[in-house]
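Next comes coords00.json, with JSON, C-alpha atoms.
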[["chain", "number", "residue", "atom", "x", "y", "z"],
["A", 261, "MET", "CA", -136.33, -0.96, -53.89],
["A", 262, "HIS", "CA", -136.43, 2.58, -52.58],
["A", 263, "ARG", "CA", -139.90, 2.09, -51.14],
["A", 264, "SER", "CA", -138.82, -1.13, -49.43],
["A", 265, "GLY", "CA", -135.86, 0.63, -47.82],
["A", 266, "THR", "CA", -138.12, 3.38, -46.54],
["A", 267, "THR", "CA", -140.45, 0.82, -45.02],
["A", 268, "MET", "CA", -137.55, -0.98, -43.34],
["A", 269, "ALA", "CA", -136.23, 2.24, -41.81],
["A", 270, "TRP", "CA", -139.69, 3.08, -40.50],
["A", 271, "ASN", "CA", -140.03, -0.37, -38.93],
["A", 272, "VAL", "CA", -136.67, -0.08, -37.20],
["A", 273, "PHE", "CA", -137.66, 3.30, -35.78],
["A", 274, "LYS", "CA", -140.92, 1.91, -34.45],
["A", 275, "PHE", "CA", -139.03, -1.04, -32.96],
["A", 276, "CYS", "CA", -136.65, 1.29, -31.10],
["A", 277, "THR", "CA", -139.57, 3.35, -29.84],
["A", 278, "ALA", "CA", -141.29, 0.18, -28.63],
["A", 279, "LEU", "CA", -138.14, -0.82, -26.73],
["A", 280, "ARG", "CA", -138.12, 2.52, -24.90],
["A", 281, "GLY", "CA", -141.74, 2.02, -23.83],
["A", 282, "LEU", "CA", -141.13, -1.61, -22.87],
["A", 283, "GLY", "CA", -138.45, -0.68, -20.35],
["A", 284, "SER", "CA", -140.69, 0.42, -17.48],
["A", 285, "ILE", "CA", -142.78, -2.71, -17.91],
["A", 286, "MET", "CA", -139.66, -4.84, -17.62],
["A", 287, "ILE", "CA", -138.72, -3.20, -14.32],
["A", 288, "LEU", "CA", -142.18, -4.02, -12.97],
["A", 289, "LEU", "CA", -141.73, -7.58, -14.22],
["A", 290, "VAL", "CA", -138.41, -7.90, -12.37],
["A", 291, "LEU", "CA", -139.98, -6.58, -9.18],
["A", 292, "GLY", "CA", -142.92, -8.93, -9.70],
["A", 293, "VAL", "CA", -140.62, -11.95, -9.90],
["A", 294, "VAL", "CA", -138.83, -10.74, -6.77],
["A", 295, "GLY", "CA", -142.17, -10.35, -4.98],
["A", 296, "VAL", "CA", -143.40, -13.83, -5.92],
["A", 297, "THR", "CA", -140.07, -15.34, -4.88],
["A", 298, "TYR", "CA", -140.03, -13.48, -1.56],
["A", 299, "TYR", "CA", -143.56, -14.59, -0.77],
["A", 300, "ALA", "CA", -142.77, -18.23, -1.55],
["A", 301, "VAL", "CA", -139.45, -18.44, 0.28],
["A", 302, "VAL", "CA", -139.89, -16.12, 3.27],
["A", 303, "LEU", "CA", -143.61, -15.87, 4.02],
["A", 304, "THR", "CA", -144.81, -19.28, 2.91],
["A", 305, "ASN", "CA", -142.06, -21.81, 3.58],
["A", 306, "TYR", "CA", -139.00, -20.75, 5.60],
["A", 307, "GLY", "CA", -140.34, -17.87, 7.68],
["A", 308, "PRO", "CA", -142.85, -20.07, 9.51],
["A", 309, "ALA", "CA", -140.14, -22.73, 9.97],
["A", 310, "LEU", "CA", -138.27, -20.41, 12.36],
["A", 311, "SER", "CA", -140.78, -21.20, 15.11],
["A", 312, "GLN", "CA", -140.39, -24.97, 14.83],
["A", 313, "GLY", "CA", -137.19, -25.12, 16.87],
["A", 314, "GLY", "CA", -134.24, -27.47, 16.52],
["A", 315, "LEU", "CA", -132.25, -28.01, 13.36],
["A", 316, "ASP", "CA", -135.17, -27.00, 11.17],
["A", 317, "SER", "CA", -135.13, -23.49, 12.65],
["A", 318, "LEU", "CA", -131.35, -23.24, 12.28],
["A", 319, "ALA", "CA", -131.50, -24.34, 8.65],
["A", 320, "ALA", "CA", -134.36, -21.90, 7.95],
["A", 321, "LEU", "CA", -132.45, -19.05, 9.59],
["A", 322, "THR", "CA", -129.34, -19.79, 7.52],
["A", 323, "ILE", "CA", -131.36, -19.89, 4.30],
["A", 324, "LEU", "CA", -133.18, -16.65, 5.12],
["A", 325, "ILE", "CA", -129.96, -14.78, 5.98],
["A", 326, "LEU", "CA", -128.29, -15.89, 2.75],
["A", 327, "PHE", "CA", -131.46, -15.19, 0.76],
["A", 328, "HIS", "CA", -131.79, -11.62, 2.08],
["A", 329, "PHE", "CA", -128.08, -10.87, 1.59],
["A", 330, "LEU", "CA", -128.11, -12.00, -2.05],
["A", 331, "LEU", "CA", -131.40, -10.21, -2.66],
["A", 332, "ALA", "CA", -130.00, -6.96, -1.27],
["A", 333, "MET", "CA", -126.87, -7.22, -3.46],
["A", 334, "LEU", "CA", -129.01, -8.14, -6.49],
["A", 335, "LEU", "CA", -131.29, -5.11, -6.09],
["A", 336, "TRP", "CA", -128.36, -2.79, -5.32],
["A", 337, "SER", "CA", -126.59, -3.89, -8.49],
["A", 338, "TYR", "CA", -129.80, -3.81, -10.54],
["A", 339, "PHE", "CA", -130.78, -0.26, -9.66],
["A", 340, "SER", "CA", -127.16, 0.85, -10.06],
["A", 341, "VAL", "CA", -127.39, -0.28, -13.69],
["A", 342, "VAL", "CA", -130.79, 1.35, -14.12],
["A", 343, "PHE", "CA", -129.88, 4.77, -12.69],
["A", 344, "THR", "CA", -126.22, 5.07, -13.76],
["A", 345, "ASP", "CA", -125.58, 6.81, -17.06],
["A", 346, "PRO", "CA", -123.56, 4.38, -19.20],
["A", 347, "GLY", "CA", -121.35, 7.20, -20.46],
["A", 348, "VAL", "CA", -121.99, 10.04, -22.87],
["A", 349, "VAL", "CA", -119.52, 11.82, -25.14],
["A", 350, "PRO", "CA", -118.71, 15.23, -23.58],
["A", 351, "PRO", "CA", -119.87, 18.26, -25.60],
["A", 352, "ASN", "CA", -117.28, 19.45, -28.16],
["A", 353, "TRP", "CA", -115.06, 16.47, -27.34],
["A", 354, "ARG", "CA", -111.84, 16.19, -29.34],
["A", 355, "PRO", "CA", -109.29, 13.37, -29.17],
["A", 356, "SER", "CA", -106.13, 14.53, -27.47],
["A", 357, "THR", "CA", -104.09, 11.93, -29.34],
["A", 358, "ASP", "CA", -104.15, 10.86, -32.94],
["A", 359, "GLU", "CA", -103.76, 7.11, -32.47],
["A", 360, "GLU", "CA", -102.89, 6.60, -36.10],
["A", 361, "ARG", "CA", -99.88, 8.96, -36.12],
["A", 362, "GLY", "CA", -99.00, 8.92, -32.42],
["A", 363, "GLU", "CA", -99.31, 12.69, -32.12],
["A", 364, "SER", "CA", -100.57, 14.42, -28.99],
["A", 365, "ASP", "CA", -101.95, 17.62, -30.53],
["A", 366, "PRO", "CA", -105.76, 17.92, -30.56],
["A", 367, "LEU", "CA", -107.53, 18.08, -33.88],
["A", 368, "ASN", "CA", -107.74, 21.60, -35.26],
["A", 369, "SER", "CA", -110.90, 23.03, -36.79],
["A", 370, "LEU", "CA", -109.86, 22.22, -40.36],
["A", 371, "GLU", "CA", -109.23, 18.58, -39.49],
["A", 372, "PHE", "CA", -112.60, 18.44, -37.72],
["A", 373, "VAL", "CA", -114.41, 19.81, -40.78],
["A", 374, "GLY", "CA", -112.54, 17.31, -42.90],
["A", 375, "LEU", "CA", -113.73, 14.46, -40.72],
["A", 376, "GLN", "CA", -117.32, 15.62, -41.10],
["A", 377, "ALA", "CA", -116.92, 15.51, -44.87],
["A", 378, "ASP", "CA", -115.01, 12.23, -44.95],
["A", 379, "SER", "CA", -115.02, 10.11, -41.82],
["A", 380, "SER", "CA", -112.59, 7.67, -43.49],
["A", 381, "SER", "CA", -109.75, 10.23, -43.50],
["A", 382, "ASN", "CA", -108.57, 8.80, -40.19],
["A", 383, "PRO", "CA", -109.96, 5.36, -39.35],
["A", 384, "ARG", "CA", -108.97, 5.72, -35.68],
["A", 385, "VAL", "CA", -110.84, 9.01, -35.15],
["A", 386, "ARG", "CA", -114.51, 8.31, -35.71],
["A", 387, "PHE", "CA", -117.44, 10.58, -36.48],
["A", 388, "CYS", "CA", -121.12, 9.91, -35.74],
["A", 389, "ARG", "CA", -123.35, 11.37, -38.42],
["A", 390, "LYS", "CA", -126.47, 10.88, -36.30],
["A", 391, "CYS", "CA", -125.11, 12.86, -33.33],
["A", 392, "ASN", "CA", -123.02, 15.10, -35.61],
["A", 393, "GLN", "CA", -119.97, 14.79, -33.39],
["A", 394, "LEU", "CA", -116.69, 12.95, -33.02],
["A", 395, "LYS", "CA", -116.82, 9.81, -30.92],
["A", 396, "PRO", "CA", -114.01, 8.15, -28.95],
["A", 397, "SER", "CA", -112.70, 4.69, -29.68],
["A", 398, "ARG", "CA", -114.98, 1.86, -28.52],
["A", 399, "CYS", "CA", -117.98, 4.23, -28.60],
["A", 400, "HIS", "CA", -121.13, 3.32, -30.53],
["A", 401, "HIS", "CA", -124.45, 4.96, -31.32],
["A", 402, "CYS", "CA", -127.52, 3.47, -29.65],
["A", 403, "SER", "CA", -130.66, 3.75, -31.76],
["A", 404, "VAL", "CA", -132.89, 3.16, -28.74],
["A", 405, "CYS", "CA", -131.32, 5.86, -26.55],
["A", 406, "GLY", "CA", -130.71, 8.10, -29.58],
["A", 407, "ARG", "CA", -127.12, 8.98, -28.62],
["A", 408, "CYS", "CA", -123.55, 7.70, -28.61],
["A", 409, "VAL", "CA", -122.59, 5.55, -25.60],
["A", 410, "LEU", "CA", -119.03, 5.12, -24.35],
["A", 411, "LYS", "CA", -117.78, 1.53, -24.70],
["A", 412, "MET", "CA", -121.30, 0.42, -25.47],
["A", 413, "ASP", "CA", -121.98, -3.29, -24.89],
["A", 414, "HIS", "CA", -125.69, -3.46, -25.67],
["A", 415, "HIS", "CA", -129.04, -1.88, -24.88],
["A", 416, "CYS", "CA", -130.79, -3.92, -22.21],
["A", 417, "VAL", "CA", -134.57, -3.66, -21.92],
["A", 418, "TRP", "CA", -134.44, -5.34, -18.51],
["A", 419, "VAL", "CA", -132.67, -2.31, -17.04],
["A", 420, "VAL", "CA", -134.23, 0.36, -19.30],
["A", 421, "ASN", "CA", -130.74, 1.55, -20.10],
["A", 422, "CYS", "CA", -127.68, 1.01, -22.22],
["A", 423, "VAL", "CA", -124.86, -1.01, -20.75],
["A", 424, "GLY", "CA", -121.65, 0.93, -21.28],
["A", 425, "ALA", "CA", -118.39, 2.05, -19.74],
["A", 426, "LEU", "CA", -119.81, 3.52, -16.53],
["A", 427, "ASN", "CA", -122.29, 0.78, -15.60],
["A", 428, "TYR", "CA", -120.89, -2.41, -17.17],
["A", 429, "LYS", "CA", -119.44, -3.57, -13.85],
["A", 430, "TYR", "CA", -122.84, -3.08, -12.19],
["A", 431, "PHE", "CA", -124.49, -5.11, -14.96],
["A", 432, "LEU", "CA", -122.03, -7.99, -14.45],
["A", 433, "LEU", "CA", -122.65, -7.92, -10.69],
["A", 434, "PHE", "CA", -126.39, -7.95, -11.37],
["A", 435, "LEU", "CA", -125.96, -11.10, -13.46],
["A", 436, "PHE", "CA", -123.69, -12.65, -10.82],
["A", 437, "TYR", "CA", -126.01, -12.04, -7.86],
["A", 438, "THR", "CA", -129.08, -12.96, -9.89],
["A", 439, "PHE", "CA", -127.50, -16.31, -10.74],
["A", 440, "LEU", "CA", -126.60, -16.97, -7.10],
["A", 441, "GLU", "CA", -130.01, -15.91, -5.81],
["A", 442, "THR", "CA", -132.06, -17.85, -8.36],
["A", 443, "THR", "CA", -129.87, -20.93, -7.86],
["A", 444, "LEU", "CA", -130.37, -20.72, -4.08],
["A", 445, "VAL", "CA", -134.15, -20.36, -4.47],
["A", 446, "THR", "CA", -134.28, -23.26, -6.91],
["A", 447, "LEU", "CA", -132.42, -25.51, -4.47],
["A", 448, "VAL", "CA", -134.42, -24.58, -1.36],
["A", 449, "LEU", "CA", -137.78, -24.85, -3.15],
["A", 450, "MET", "CA", -136.91, -28.10, -4.94],
["A", 451, "PRO", "CA", -138.15, -30.37, -2.11],
["A", 452, "HIS", "CA", -141.47, -28.52, -2.12],
["A", 453, "PHE", "CA", -141.66, -28.78, -5.92],
["A", 454, "ILE", "CA", -140.97, -32.54, -5.83],
["A", 455, "ALA", "CA", -143.69, -32.94, -3.21],
["A", 456, "PHE", "CA", -146.24, -31.79, -5.79],
["A", 457, "PHE", "CA", -145.73, -35.08, -7.64],
["A", 458, "SER", "CA", -145.89, -37.34, -4.59],
["A", 459, "ASP", "CA", -148.92, -38.99, -3.05],
["A", 460, "GLU", "CA", -148.41, -37.24, 0.29],
["A", 461, "GLU", "CA", -150.72, -34.48, 1.42],
["A", 462, "ILE", "CA", -149.05, -31.07, 1.06],
["A", 463, "PRO", "CA", -149.78, -28.45, 3.76],
["A", 464, "GLY", "CA", -150.88, -25.02, 2.63],
["A", 465, "THR", "CA", -153.64, -23.26, 0.75],
["A", 466, "PRO", "CA", -154.04, -23.53, -3.03],
["A", 467, "GLY", "CA", -152.70, -19.97, -3.31],
["A", 468, "THR", "CA", -149.49, -20.63, -1.38],
["A", 469, "LEU", "CA", -148.91, -23.90, -3.21],
["A", 470, "ALA", "CA", -149.38, -22.22, -6.59],
["A", 471, "THR", "CA", -146.99, -19.43, -5.59],
["A", 472, "THR", "CA", -144.33, -21.93, -4.53],
["A", 473, "PHE", "CA", -144.70, -23.83, -7.79],
["A", 474, "LEU", "CA", -144.49, -20.63, -9.85],
["A", 475, "ALA", "CA", -141.49, -19.31, -7.90],
["A", 476, "PHE", "CA", -139.57, -22.54, -8.46],
["A", 477, "VAL", "CA", -140.24, -22.60, -12.21],
["A", 478, "LEU", "CA", -139.37, -18.90, -12.65],
["A", 479, "ASN", "CA", -136.14, -19.10, -10.66],
["A", 480, "LEU", "CA", -135.03, -22.27, -12.41],
["A", 481, "ALA", "CA", -135.61, -20.63, -15.80],
["A", 482, "PHE", "CA", -133.76, -17.45, -14.78],
["A", 483, "ALA", "CA", -130.86, -19.41, -13.25],
["A", 484, "LEU", "CA", -130.29, -21.35, -16.47],
["A", 485, "SER", "CA", -130.63, -18.35, -18.79],
["A", 486, "VAL", "CA", -128.54, -15.99, -16.65],
["A", 487, "MET", "CA", -125.81, -18.63, -16.36],
["A", 488, "GLY", "CA", -125.43, -18.53, -20.15],
["A", 489, "PHE", "CA", -125.20, -14.73, -20.20],
["A", 490, "LEU", "CA", -122.77, -14.74, -17.28],
["A", 491, "ILE", "CA", -120.43, -17.22, -18.97],
["A", 492, "MET", "CA", -120.52, -15.17, -22.17],
["A", 493, "HIS", "CA", -119.68, -11.91, -20.39],
["A", 494, "ILE", "CA", -116.91, -13.55, -18.37],
["A", 495, "SER", "CA", -115.26, -14.48, -21.67],
["A", 496, "LEU", "CA", -115.78, -10.93, -22.97],
["A", 497, "VAL", "CA", -114.14, -9.43, -19.86],
["A", 498, "ALA", "CA", -111.23, -11.86, -20.16],
["A", 499, "GLY", "CA", -110.59, -10.60, -23.70],
["A", 500, "ASN", "CA", -111.34, -6.93, -22.89],
["A", 501, "THR", "CA", -114.07, -6.69, -25.47],
["A", 502, "THR", "CA", -117.78, -5.92, -25.62],
["A", 503, "THR", "CA", -120.69, -7.71, -27.25],
["A", 504, "ILE", "CA", -120.62, -5.26, -30.17],
["A", 505, "GLU", "CA", -116.84, -5.47, -30.56],
["A", 506, "ALA", "CA", -116.91, -9.27, -30.43],
["A", 507, "TYR", "CA", -119.29, -9.21, -33.39],
["A", 508, "GLU", "CA", -117.25, -6.61, -35.28],
["A", 509, "LYS", "CA", -113.91, -8.39, -34.86],
["A", 510, "LYS", "CA", -115.17, -11.96, -35.28],
["A", 511, "THR", "CA", -112.82, -12.46, -38.26],
["A", 512, "SER", "CA", -109.79, -10.91, -36.53],
["A", 513, "THR", "CA", -107.30, -12.95, -34.48],
["A", 514, "LYS", "CA", -105.74, -9.96, -32.67],
["A", 515, "TRP", "CA", -107.36, -7.30, -30.51],
["A", 516, "ARG", "CA", -105.55, -4.08, -29.69],
["A", 517, "TYR", "CA", -107.12, -3.69, -26.21],
["A", 518, "ASP", "CA", -106.39, -7.22, -24.95],
["A", 519, "LEU", "CA", -103.76, -6.54, -22.27],
["A", 520, "GLY", "CA", -103.96, -9.89, -20.48],
["A", 521, "LYS", "CA", -106.68, -11.32, -18.25],
["A", 522, "LYS", "CA", -105.59, -9.48, -15.07],
["A", 523, "LYS", "CA", -105.44, -6.00, -16.61],
["A", 524, "ASN", "CA", -108.57, -6.67, -18.64],
["A", 525, "PHE", "CA", -110.42, -7.58, -15.45],
["A", 526, "GLU", "CA", -109.16, -4.46, -13.65],
["A", 527, "GLN", "CA", -110.38, -2.22, -16.48],
["A", 528, "VAL", "CA", -113.92, -3.28, -15.57],
["A", 529, "PHE", "CA", -113.78, -3.96, -11.82],
["A", 530, "GLY", "CA", -110.99, -1.61, -10.73],
["A", 531, "MET", "CA", -107.78, -2.42, -8.86],
["A", 532, "ASP", "CA", -109.12, -2.34, -5.29],
["A", 533, "LYS", "CA", -110.13, -5.91, -4.42],
["A", 534, "ARG", "CA", -112.43, -4.72, -1.65],
["A", 535, "TYR", "CA", -114.77, -3.21, -4.26],
["A", 536, "TRP", "CA", -114.79, -6.03, -6.79],
["A", 537, "LEU", "CA", -118.12, -7.42, -5.56],
["A", 538, "ILE", "CA", -119.68, -4.01, -4.83],
["A", 539, "PRO", "CA", -121.38, -1.79, -7.46],
["A", 540, "GLY", "CA", -118.98, 1.12, -7.08],
["A", 541, "TYR", "CA", -115.36, 2.27, -7.33],
["A", 542, "THR", "CA", -112.89, 3.90, -4.98],
["A", 543, "GLU", "CA", -111.86, 7.49, -5.62],
["A", 544, "GLU", "CA", -108.30, 6.25, -6.02],
["A", 545, "ASP", "CA", -109.27, 3.87, -8.83],
["A", 546, "LEU", "CA", -111.25, 6.57, -10.61],
["A", 547, "ARG", "CA", -108.27, 8.92, -10.36],
["A", 548, "ARG", "CA", -105.55, 6.54, -11.55],
["A", 549, "MET", "CA", -107.58, 4.60, -14.14],
["A", 550, "PRO", "CA", -108.96, 6.92, -16.86],
["A", 551, "GLU", "CA", -110.36, 3.89, -18.71],
["A", 552, "LEU", "CA", -113.06, 3.66, -16.03],
["A", 553, "GLN", "CA", -114.40, 6.96, -17.43],
["A", 554, "GLY", "CA", -114.75, 5.42, -20.90],
["A", 555, "LEU", "CA", -112.75, 7.97, -22.94],
["A", 556, "GLU", "CA", -109.22, 6.56, -22.98],
["A", 557, "TYR", "CA", -108.09, 2.95, -23.23],
["A", 558, "PRO", "CA", -104.50, 1.68, -23.27],
["A", 559, "SER", "CA", -103.64, -0.70, -26.09],
["A", 560, "LYS", "CA", -100.90, -3.15, -26.87],
["A", 561, "PRO", "CA", -97.48, -1.60, -27.62],
["A", 562, "ASP", "CA", -97.26, -3.44, -30.94],
["A", 563, "PHE", "CA", -100.55, -1.80, -32.04],
["A", 564, "ASP", "CA", -99.41, 1.65, -30.88],
["A", 565, "SER", "CA", -96.29, 1.39, -33.01],
["A", 566, "GLN", "CA", -98.20, 0.51, -36.16]]

For this file, produce the structure as structure tokens.
Amino acid sequence: MHRSGTTMAWNVFKFCTALRGLGSIMILLVLGVVGVTYYAVVLTNYGPALSQGGLDSLAALTILILFHFLLAMLLWSYFSVVFTDPGVVPPNWRPSTDEERGESDPLNSLEFVGLQADSSSNPRVRFCRKCNQLKPSRCHHCSVCGRCVLKMDHHCVWVVNCVGALNYKYFLLFLFYTFLETTLVTLVLMPHFIAFFSDEEIPGTPGTLATTFLAFVLNLAFALSVMGFLIMHISLVAGNTTTIEAYEKKTSTKWRYDLGKKKNFEQVFGMDKRYWLIPGYTEEDLRRMPELQGLEYPSKPDFDSQ
């Protein structure tokens, strides 16, 4: 039994290491799909249609404007997720409030040593034995990144990063714009895809035809898969929970951080409506909403009084 456990731990470690190495390949794959799609939509089909004149040119121009706008928002959101730190526990962090007793005094050194010896002494103040430090509520250790991540949702190989408190909004916008873009591409390339199965002669070289076919299949597959992820994360935002928390509390009917759909939404997207569809926050929102920093989260009054 002991030998089997050792083997399992070794395999998990190798799996996490493989995920770290896979990340850069996934970024290249994303850019490759974007490149194939751009070639099929802009250079092969709708770019040349601009010179035809009439309604065909107007329709092509409309499609190209919408395509480039969604592509720009998709890439902006994507690289915001990639290059934004999801949130790390500050060095020597101590909770300013004991949520269990409702006290506002920071933990003293004796209490901190006690937590290291027995992390169950206060179930609301948590200790990570891998990082050897206290961790805030809603914080989890990522085995791939090798550190604790604030309000961790999951580690995403597509963005070579963890999705956490500081980049979760950007991840949701990436899913949103990816779904819109891939759906648009699927619709505009569908007539060309259907033409492959007709008896009519299709203009173009074998290379351009193959690229159009591949772009349609890829975008259709991504549109369907991303739609599922998007629906799942919309439900998570509505309940103010993460993927990890949803799994942990699957047997619980109440959730201390569920403040109602409006406040739950604002804890992710901020209060300024002008920035809801942009991967960023206003300085005012960052100042008045400490939950956007990932260290403090308001909870229901009935939970605070327990």

- Query: Between A:Leu288, A:Trp353, A:Ser403, A:Leu546, which one has atoms that come closest to Asp532 (chain A), using all atoms listed in the file?
  - Reply: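 With all atoms listed in the file as the atom set, the closest residue is A:Leu546.
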
- Measuring atom to atom with all atoms listed in the file, identify which of A:Phe343, A:Phe387, A:Phe439, A:Phe453 is nearest to Ala481 (chain A).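 Result for the nearest residue to Ala481 (chain A): A:Phe439.
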
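When only C-alpha atoms are used to measure the gap to Leu474 (chain A), the shortest distance among A:Val423, A:Val290, A:Ala319, A:Ala300 belongs to A:Ala300.
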
- Query: Could you pull the residues within 8 Å of Leu310 (chain A), counting only C-alpha atoms, minus those fewer than 5 positions along the same chain, as a list in words?
  - Reply: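 What passes the distance filter is Asp316, Ser317, Leu318, Ala320 and Leu321 of chain A.
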
- Query: Taking only C-alpha atoms into account, which of A:Met549, A:Leu537, A:Ile287, A:Ile454 comes nearest Met333 (chain A)?
  - Reply: A:Leu537

Could you pull the residues within 10 Å of Phe473 (chain A), counting only C-alpha atoms, minus those fewer than 2 positions along the same chain, as a PDB file with C-alpha atoms, keeping the file's coordinate frame?
ATOM      1  CA  ALA A 300    -142.770 -18.230  -1.550  1.00  0.00           C
ATOM      2  CA  LEU A 449    -137.780 -24.850  -3.150  1.00  0.00           C
ATOM      3  CA  MET A 450    -136.910 -28.100  -4.940  1.00  0.00           C
ATOM      4  CA  HIS A 452    -141.470 -28.520  -2.120  1.00  0.00           C
ATOM      5  CA  PHE A 453    -141.660 -28.780  -5.920  1.00  0.00           C
ATOM      6  CA  ILE A 454    -140.970 -32.540  -5.830  1.00  0.00           C
ATOM      7  CA  PHE A 456    -146.240 -31.790  -5.790  1.00  0.00           C
ATOM      8  CA  GLY A 467    -152.700 -19.970  -3.310  1.00  0.00           C
ATOM      9  CA  THR A 468    -149.490 -20.630  -1.380  1.00  0.00           C
ATOM     10  CA  LEU A 469    -148.910 -23.900  -3.210  1.00  0.00           C
ATOM     11  CA  ALA A 470    -149.380 -22.220  -6.590  1.00  0.00           C
ATOM     12  CA  THR A 471    -146.990 -19.430  -5.590  1.00  0.00           C
ATOM     13  CA  ALA A 475    -141.490 -19.310  -7.900  1.00  0.00           C
ATOM     14  CA  PHE A 476    -139.570 -22.540  -8.460  1.00  0.00           C
ATOM     15  CA  VAL A 477    -140.240 -22.600 -12.210  1.00  0.00           C
ATOM     16  CA  LEU A 478    -139.370 -18.900 -12.650  1.00  0.00           C
TER      17      LEU A 478
END

- Which residue gives the smallest distance to Leu324 (chain A) among A:Gln393, A:Asn305, A:Ser337, A:Thr542, with only C-alpha atoms counted?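 Distance minimum relative to Leu324 (chain A) lands on A:Asn305.
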
Using all atoms listed in the file, which protein or nucleic acid residues come within 9 Å of Val348 (chain A)? Drop anything in the same chain fewer than 6 positions from it, and give the result as a PDB file with C-alpha atoms, in the coordinates of the input.
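Okay, selection.pdb is ready:
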ATOM      1  CA  ARG A 407    -127.120   8.980 -28.620  1.00  0.00           C
ATOM      2  CA  CYS A 408    -123.550   7.700 -28.610  1.00  0.00           C
ATOM      3  CA  VAL A 409    -122.590   5.550 -25.600  1.00  0.00           C
ATOM      4  CA  LEU A 410    -119.030   5.120 -24.350  1.00  0.00           C
ATOM      5  CA  GLY A 554    -114.750   5.420 -20.900  1.00  0.00           C
TER       6      GLY A 554
END

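Of the listed residues (A:Ala498, A:Asn352, A:Glu543, A:Trp418), A:Asn352 comes nearest to Asn392 (chain A); the distances count only C-alpha atoms.
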
- Message: Using only C-alpha atoms, which protein or nucleic acid residues come within 9 Å of Asp518 (chain A)? Drop anything in the same chain fewer than 2 positions from it, and give the result as a ChimeraX atom specification.
- Response: /A:498-501,514-516,520-521,523-524,559-560

Saved selection, atoms kept: C-alpha atoms, as a PDB file, in the frame of the given file:
ATOM      1  CA  ALA A 498    -111.230 -11.860 -20.160  1.00  0.00           C
ATOM      2  CA  GLY A 499    -110.590 -10.600 -23.700  1.00  0.00           C
ATOM      3  CA  ASN A 500    -111.340  -6.930 -22.890  1.00  0.00           C
ATOM      4  CA  THR A 501    -114.070  -6.690 -25.470  1.00  0.00           C
ATOM      5  CA  LYS A 514    -105.740  -9.960 -32.670  1.00  0.00           C
ATOM      6  CA  TRP A 515    -107.360  -7.300 -30.510  1.00  0.00           C
ATOM      7  CA  ARG A 516    -105.550  -4.080 -29.690  1.00  0.00           C
ATOM      8  CA  GLY A 520    -103.960  -9.890 -20.480  1.00  0.00           C
ATOM      9  CA  LYS A 521    -106.680 -11.320 -18.250  1.00  0.00           C
ATOM     10  CA  LYS A 523    -105.440  -6.000 -16.610  1.00  0.00           C
ATOM     11  CA  ASN A 524    -108.570  -6.670 -18.640  1.00  0.00           C
ATOM     12  CA  SER A 559    -103.640  -0.700 -26.090  1.00  0.00           C
ATOM     13  CA  LYS A 560    -100.900  -3.150 -26.870  1.00  0.00           C
TER      14      LYS A 560
END

- Task: Provide the CA of Val349 (chain A) to CA of Val420 (chain A) distance in Å, to one decimal place.
- Result: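 Separation of CA of Val349 (chain A) and CA of Val420 (chain A): 19.5 Å.
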
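Residue neighbourhood of Glu556 (chain A), excluding near-sequence residues (fewer than 4 positions): Pro396, Ser397, Pro550, Glu551 and Leu552 of chain A, at 9 Å, using all atoms listed in the file.
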
- Task: Measure the distance from CA of Leu496 (chain A) to CA of Asp413 (chain A) in Å and round it to one decimal.
- Result: 10.0 Å
